[in-house]
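Structure file start16.txt with compact mmCIF, C-alpha atoms (C1' of nucleotides):
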```txt
# COMPACT_ATOMS: atom_id res chain seq x y z
CA MET I 1 24.24 26.85 -9.88
CA GLU I 2 24.63 23.51 -11.50
CA VAL I 3 23.35 23.52 -15.07
CA ARG I 4 21.03 20.69 -15.98
CA LYS I 5 21.57 20.26 -19.68
CA GLU I 6 18.78 17.71 -19.95
CA LEU I 7 16.35 20.55 -19.35
CA LEU I 8 17.38 22.13 -22.64
CA GLU I 9 16.69 18.85 -24.40
CA ILE I 10 13.05 19.09 -23.40
CA GLY I 11 12.75 21.66 -26.17
CA CYS I 12 9.62 23.32 -24.85
CA PRO I 13 9.91 26.19 -22.35
CA ILE I 14 6.71 25.10 -20.66
CA GLY I 15 8.17 21.66 -20.13
CA VAL I 16 11.26 23.24 -18.60
CA THR I 17 9.16 25.26 -16.18
CA GLN I 18 7.01 22.27 -15.31
CA ASN I 19 10.08 20.19 -14.62
CA ILE I 20 11.59 22.76 -12.32
CA MET I 21 8.48 23.40 -10.27
CA ALA I 22 7.70 19.69 -9.86
CA GLY I 23 7.81 18.56 -6.25
CA LYS I 24 5.09 18.83 -3.72
CA TRP I 25 6.59 21.65 -1.67
CA LYS I 26 8.70 23.69 -4.05
CA LEU I 27 6.10 26.31 -4.82
CA VAL I 28 5.30 26.78 -1.16
CA ILE I 29 8.96 27.20 -0.35
CA VAL I 30 9.42 29.83 -3.07
CA TRP I 31 6.33 31.58 -1.79
CA LEU I 32 7.71 31.67 1.74
CA LEU I 33 10.93 33.23 0.47
CA LYS I 34 9.02 35.80 -1.55
CA ASP I 35 9.57 38.73 0.79
CA ASP I 36 12.63 37.89 2.80
CA THR I 37 15.48 35.58 3.51
CA LYS I 38 14.63 32.72 5.84
CA ARG I 39 16.71 30.39 7.95
CA PHE I 40 16.33 26.64 7.60
CA GLY I 41 14.61 26.38 10.95
CA GLU I 42 12.12 29.08 10.06
CA LEU I 43 11.09 27.19 6.95
CA ARG I 44 10.81 23.98 8.92
CA ARG I 45 8.60 25.60 11.52
CA ALA I 46 6.50 27.24 8.80
CA LEU I 47 5.92 23.81 7.23
CA PRO I 48 5.42 21.37 10.07
CA GLN I 49 3.85 18.80 7.75
CA ILE I 50 7.03 18.38 5.78
CA ARG I 51 9.71 16.07 7.07
CA GLN I 52 13.09 17.64 7.58
CA GLY I 53 14.99 15.45 5.14
CA TYR I 54 12.55 16.18 2.39
CA LEU I 55 12.69 19.91 3.05
CA THR I 56 16.45 19.75 2.71
CA GLN I 57 16.11 17.83 -0.54
CA GLN I 58 13.65 20.28 -2.05
CA LEU I 59 15.82 23.23 -1.04
CA ARG I 60 18.88 21.61 -2.58
CA GLU I 61 17.03 21.05 -5.84
CA LEU I 62 15.87 24.66 -5.89
CA GLU I 63 19.45 25.72 -5.26
CA ARG I 64 20.80 23.40 -7.95
CA ASP I 65 18.28 24.83 -10.41
CA GLY I 66 19.24 28.37 -9.51
CA LEU I 67 15.96 29.63 -8.02
CA VAL I 68 17.22 29.78 -4.46
CA HIS I 69 20.44 31.00 -2.94
CA ARG I 70 21.92 29.25 0.06
CA LYS I 71 24.21 31.17 2.34
CA VAL I 72 26.12 29.25 4.97
CA TYR I 73 27.55 31.04 8.00
CA ASN I 74 30.44 29.18 9.46
CA VAL I 75 29.28 29.25 13.06
CA VAL I 76 28.15 26.87 15.74
CA PRO I 77 25.34 26.06 16.04
CA PRO I 78 25.05 26.15 12.24
CA LYS I 79 23.28 28.99 10.49
CA VAL I 80 22.06 28.78 6.90
CA GLU I 81 19.98 31.37 5.12
CA TYR I 82 17.84 30.84 2.05
CA SER I 83 16.70 33.53 -0.36
CA LEU I 84 15.43 33.88 -3.92
CA THR I 85 17.81 34.56 -6.79
CA ASP I 86 16.90 36.94 -9.62
CA ILE I 87 15.42 34.20 -11.77
CA GLY I 88 13.67 32.89 -8.67
CA ILE I 89 12.10 36.29 -8.11
CA ARG I 90 10.97 36.38 -11.71
CA PHE I 91 9.35 32.99 -11.17
CA LEU I 92 6.94 34.76 -8.83
CA GLU I 93 5.20 36.11 -11.93
CA VAL I 94 4.25 32.58 -12.87
CA MET I 95 3.02 31.98 -9.36
CA ASN I 96 0.99 35.17 -9.39
CA LYS I 97 -0.82 33.97 -12.50
CA MET I 98 -1.38 30.63 -10.83
CA TYR I 99 -2.81 32.48 -7.88
CA GLU I 100 -5.17 34.54 -10.02
CA TRP I 101 -6.39 31.57 -12.00
CA GLY I 102 -6.74 29.39 -8.92
CA GLU I 103 -8.86 32.06 -7.27
CA GLU I 104 -11.07 32.39 -10.30
CA TYR I 105 -11.41 28.64 -10.53
CA SER I 106 -12.26 28.34 -6.85
CA ASN I 107 -15.00 30.93 -7.20
CA LEU I 108 -16.35 29.03 -10.15
CA ILE I 109 -16.67 25.77 -8.30
CA LYS I 110 -18.00 27.51 -5.20
CA ASN I 111 -20.85 28.79 -7.32
CA LEU I 112 -21.50 25.34 -8.69
CA CYS I 113 -21.84 24.06 -5.15
CA LYS I 114 -24.68 26.43 -4.37
CA MET X 1 -18.30 19.24 -14.60
CA GLU X 2 -17.90 17.35 -11.41
CA VAL X 3 -16.98 19.61 -8.51
CA ARG X 4 -14.07 18.45 -6.41
CA LYS X 5 -14.77 19.96 -3.02
CA GLU X 6 -11.43 18.78 -1.65
CA LEU X 7 -9.79 21.38 -3.86
CA LEU X 8 -11.45 24.14 -1.86
CA GLU X 9 -10.07 22.63 1.31
CA ILE X 10 -6.54 23.24 0.07
CA GLY X 11 -7.14 26.86 1.00
CA CYS X 12 -4.46 28.30 -1.27
CA PRO X 13 -5.30 29.21 -4.88
CA ILE X 14 -1.81 28.25 -5.98
CA GLY X 15 -2.28 24.83 -4.46
CA VAL X 16 -5.55 24.47 -6.34
CA THR X 17 -3.87 25.33 -9.63
CA GLN X 18 -0.96 23.03 -8.92
CA ASN X 19 -3.31 20.19 -8.14
CA ILE X 20 -5.24 20.61 -11.35
CA MET X 21 -2.26 20.83 -13.64
CA ALA X 22 -0.50 17.85 -12.06
CA GLY X 23 -0.06 14.98 -14.45
CA LYS X 24 2.70 14.50 -16.95
CA TRP X 25 0.69 15.28 -20.07
CA LYS X 26 -2.05 17.66 -19.00
CA LEU X 27 -0.29 20.86 -19.96
CA VAL X 28 0.64 19.48 -23.36
CA ILE X 29 -2.93 18.41 -23.97
CA VAL X 30 -4.28 21.85 -23.08
CA TRP X 31 -1.66 23.38 -25.33
CA LEU X 32 -2.74 21.19 -28.23
CA LEU X 33 -6.34 22.28 -27.74
CA LYS X 34 -5.34 25.93 -27.59
CA ASP X 35 -6.46 26.88 -31.09
CA ASP X 36 -9.04 24.33 -32.05
CA THR X 37 -11.11 21.33 -31.21
CA LYS X 38 -9.36 18.00 -31.68
CA ARG X 39 -10.58 14.45 -32.04
CA PHE X 40 -9.25 11.75 -29.76
CA GLY X 41 -7.27 10.17 -32.56
CA GLU X 42 -5.65 13.47 -33.47
CA LEU X 43 -4.42 13.91 -29.92
CA ARG X 44 -3.15 10.36 -29.88
CA ARG X 45 -1.24 10.83 -33.10
CA ALA X 46 0.14 14.14 -31.87
CA LEU X 47 1.48 12.41 -28.75
CA PRO X 48 2.82 9.04 -29.85
CA GLN X 49 4.84 8.66 -26.64
CA ILE X 50 1.72 8.55 -24.50
CA ARG X 51 -0.13 5.30 -24.14
CA GLN X 52 -3.76 5.39 -25.14
CA GLY X 53 -5.19 4.46 -21.77
CA TYR X 54 -3.25 7.17 -20.03
CA LEU X 55 -4.32 9.76 -22.58
CA THR X 56 -7.93 8.83 -21.91
CA GLN X 57 -7.36 9.15 -18.18
CA GLN X 58 -5.76 12.58 -18.44
CA LEU X 59 -8.54 13.79 -20.70
CA ARG X 60 -11.17 12.54 -18.29
CA GLU X 61 -9.53 14.33 -15.42
CA LEU X 62 -9.34 17.55 -17.41
CA GLU X 63 -13.01 17.12 -18.22
CA ARG X 64 -13.91 16.36 -14.62
CA ASP X 65 -12.07 19.50 -13.52
CA GLY X 66 -13.85 21.59 -16.11
CA LEU X 67 -10.92 22.65 -18.29
CA VAL X 68 -11.88 20.53 -21.25
CA HIS X 69 -15.18 19.85 -22.93
CA ARG X 70 -15.89 16.42 -24.38
CA LYS X 71 -18.43 16.13 -27.16
CA VAL X 72 -19.54 12.66 -28.16
CA TYR X 73 -21.15 12.08 -31.54
CA ASN X 74 -23.31 9.01 -31.53
CA VAL X 75 -21.94 7.44 -34.68
CA VAL X 76 -20.01 4.39 -35.73
CA PRO X 77 -17.06 4.34 -35.78
CA PRO X 78 -17.13 6.55 -32.68
CA LYS X 79 -16.31 10.23 -32.88
CA VAL X 80 -15.39 12.33 -29.86
CA GLU X 81 -14.20 15.90 -29.94
CA TYR X 82 -12.26 17.69 -27.25
CA SER X 83 -12.05 21.45 -26.75
CA LEU X 84 -11.20 23.98 -24.06
CA THR X 85 -13.89 25.46 -21.85
CA ASP X 86 -13.87 29.12 -20.80
CA ILE X 87 -11.90 28.47 -17.65
CA GLY X 88 -9.62 26.22 -19.68
CA ILE X 89 -8.96 29.06 -22.10
CA ARG X 90 -8.17 31.36 -19.21
CA PHE X 91 -5.71 28.79 -17.97
CA LEU X 92 -3.65 29.57 -21.07
CA GLU X 93 -2.57 32.78 -19.33
CA VAL X 94 -0.81 30.70 -16.73
CA MET X 95 0.81 28.65 -19.46
CA ASN X 96 1.93 31.76 -21.29
CA LYS X 97 3.73 32.93 -18.18
CA MET X 98 5.28 29.51 -17.83
CA TYR X 99 6.42 29.78 -21.42
CA GLU X 100 7.97 33.21 -20.90
CA TRP X 101 9.76 32.21 -17.75
CA GLY X 102 10.92 28.91 -19.19
CA GLU X 103 12.39 30.70 -22.17
CA GLU X 104 14.18 33.19 -19.98
CA TYR X 105 15.47 30.39 -17.80
CA SER X 106 16.65 28.39 -20.81
CA ASN X 107 18.59 31.36 -22.10
CA LEU X 108 20.16 31.80 -18.71
CA ILE X 109 21.46 28.26 -18.54
CA LYS X 110 22.53 28.32 -22.17
CA ASN X 111 24.77 31.25 -21.32
CA LEU X 112 26.18 29.41 -18.35
CA CYS X 113 27.13 26.56 -20.66
CA LYS X 114 29.28 28.79 -22.83
C1' DG P 1 31.17 16.57 31.44
C1' DT P 2 26.30 16.84 30.19
C1' DA P 3 22.69 18.81 27.81
C1' DC P 4 21.09 21.91 24.11
C1' DA P 5 20.51 24.00 19.64
C1' DT P 6 20.92 23.96 14.45
C1' DA P 7 21.13 22.02 10.15
C1' DG P 8 21.54 18.49 8.50
C1' DT P 9 22.23 12.56 6.83
C1' DA P 10 21.01 7.73 6.33
C1' DT P 11 18.02 4.04 5.79
C1' DC P 12 13.85 1.74 5.04
C1' DA P 13 8.88 1.67 3.97
C1' DT P 14 4.83 3.02 1.42
C1' DA P 15 1.97 5.41 -1.89
C1' DA P 16 1.22 7.54 -6.20
C1' DG P 17 2.17 8.02 -10.90
C1' DA P 18 3.20 6.21 -15.21
C1' DC P 19 3.84 2.28 -18.44
C1' DG P 20 2.85 -2.16 -21.54
C1' DT P 21 0.17 -5.38 -23.44
C1' DA P 22 -3.96 -7.17 -24.52
C1' DC P 23 -8.82 -6.76 -25.07
C1' DT P 24 -13.87 -4.65 -26.46
C1' DA P 25 -18.09 -2.73 -29.20
C1' DT P 26 -20.07 -1.31 -33.36
C1' DT P 27 -21.19 -0.94 -38.22
C1' DA P 28 -19.80 -0.23 -42.93
C1' DA P 29 -17.20 -1.71 -46.68
C1' DA P 30 -14.70 -5.55 -49.23
C1' DT G 1 -17.98 -13.41 -43.39
C1' DT G 2 -13.99 -11.16 -42.51
C1' DT G 3 -11.60 -6.89 -41.90
C1' DA G 4 -10.93 -2.13 -40.73
C1' DA G 5 -11.53 2.05 -38.06
C1' DT G 6 -12.41 4.72 -33.65
C1' DA G 7 -12.43 5.39 -28.96
C1' DG G 8 -11.97 3.38 -25.59
C1' DT G 9 -11.19 -0.63 -20.90
C1' DA G 10 -8.73 -3.81 -17.89
C1' DC G 11 -5.42 -5.72 -16.03
C1' DG G 12 -0.54 -6.14 -13.93
C1' DT G 13 4.10 -4.07 -13.37
C1' DC G 14 7.53 -0.86 -12.36
C1' DT G 15 9.50 3.54 -11.08
C1' DT G 16 9.44 7.72 -8.77
C1' DA G 17 7.90 10.53 -5.13
C1' DT G 18 6.96 11.06 -0.59
C1' DG G 19 6.86 9.63 4.31
C1' DA G 20 8.63 7.93 9.12
C1' DT G 21 12.17 7.18 12.29
C1' DA G 22 16.58 7.42 13.89
C1' DC G 23 21.18 9.27 13.86
C1' DT G 24 25.35 13.02 13.41
C1' DA G 25 28.67 17.11 14.32
C1' DT G 26 30.09 20.94 17.02
C1' DG G 27 30.69 24.64 20.29
C1' DT G 28 28.47 27.11 24.13
C1' DA G 29 26.05 27.42 28.42
C1' DC G 30 25.24 25.13 32.65
```
Let's see the structure in the file written out as structure tokens.
Amino acid sequence: MEVRKELLEIGCPIGVTQNIMAGKWKLVIVWLLKDDTKRFGELRRALPQIRQGYLTQQLRELERDGLVHRKVYNVVPPKVEYSLTDIGIRFLEVMNKMYEWGEEYSNLIKNLCK
Amino acid sequence: MEVRKELLEIGCPIGVTQNIMAGKWKLVIVWLLKDDTKRFGELRRALPQIRQGYLTQQLRELERDGLVHRKVYNVVPPKVEYSLTDIGIRFLEVMNKMYEWGEEYSNLIKNLCK
DNA sequence: GTACATAGTATCATAAGACGTACTATTAAA
DNA sequence: TTTAATAGTACGTCTTATGATACTATGTAC
């Protein structure tokens, strides 16, 4: 894990979190890794809308920031497995709250539509 | 509150939440409104880095999405007060989790720096 | 010796987000 | 009659984020 010292300069823990989860697909990727390790190809097939290069980039950022572990098997054809680290697993608590609130919010606006 | 039906089409509550909190200053604004109503000028002075037009825009989006209430007093010079709505207050739970996790994460990388 | 599979890279194009500066309406007070 | 204060708007610019397409390495199976 490469430490990004500039994150500490933000000063506010919320700002740190916001910075790390920024990126259109990062939350979805973490969510997909929630229960088990996944190979690169599995993630790609699970997210057909996302271009391969961008998936790689997002995964590398998650790895750099220490949420995701990347395990390379030295075989041909290549095999790489992604999984959540401890701090990545603890990030799921944030996502659970986001889920709860998002559900509540959705119900609210559904009612307004009636 | 203007209902954004496209949010419901996202399908995933986390995606809904992510969509609503997107925007560089929205979380900070909600945080500033956490305890009490604030006038526009107070927010502006609290956030000198943010340009006035952009602050207005972020506030309008928060109002549109129902997190923030905007109360206009019909006086001169103008007076406008911003406060959190019920669903906005409940959003603070998400932010609290972000705070906790961000703190934990910051401690982790501080230790790595040693 | 050709094709296939995986996990990528490289390059360019476009769209979205954020920024800077300048401008407005209104009335009360100087 | 000019100035000050508040809460904005209206541009144009610039940067960052995301998207599309094409290309690479390597060993195994055919």
For this session: Using all atoms listed in the file, determine which residues of chain I fall within 6 Å of chain X; present them as a list in words.
Result: Pro13, Ile14, Val16, Thr17, Val94, Lys97, Met98, Tyr99, Gly102 and Glu103 of chain I
For this session: Select all residues from chain X having any atom no more than 10 Å from an atom of chain G (counting all atoms listed in the file, ignoring ligands), output as a ChimeraX atom specification.
Result: /X:39-41,52-53,56,75-80
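The nearest approach to chain P among the residues I:Asn74, I:Val68, I:Leu32, I:Glu6, with only C-alpha atoms (C1' of nucleotides) taken into account, belongs to I:Asn74.
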For this session: Report as a PyMOL selection string the set of chain P residues whose atoms approach chain X to within 9 Å, with distances computed over only C-alpha atoms (C1' of nucleotides).
Result: chain P and resi 17-20+26-28
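Take CA of Leu43 (chain X) and CA of Asp86 (chain X): the distance between them is 20.1 Å.
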Exercise. Between CA of Asn111 (chain I) and CA of Leu84 (chain X), what is the spacing in Å?
Worked result: 19.9 Å
Could you put an axis-aligned box around every listed atom of region 2-13 of chain P, padded by 4 Å on each side, and send me its centre and edge lengths in Å to one decimal, as AutoDock Vina command-line options?
```
--center_x 17.6 --center_y 12.8 --center_z 17.1 --size_x 25.4 --size_y 30.3 --size_z 34.2
```
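Here CA of Glu81 (chain X) and CA of Asp35 (chain X) stand 13.5 Å from one another.
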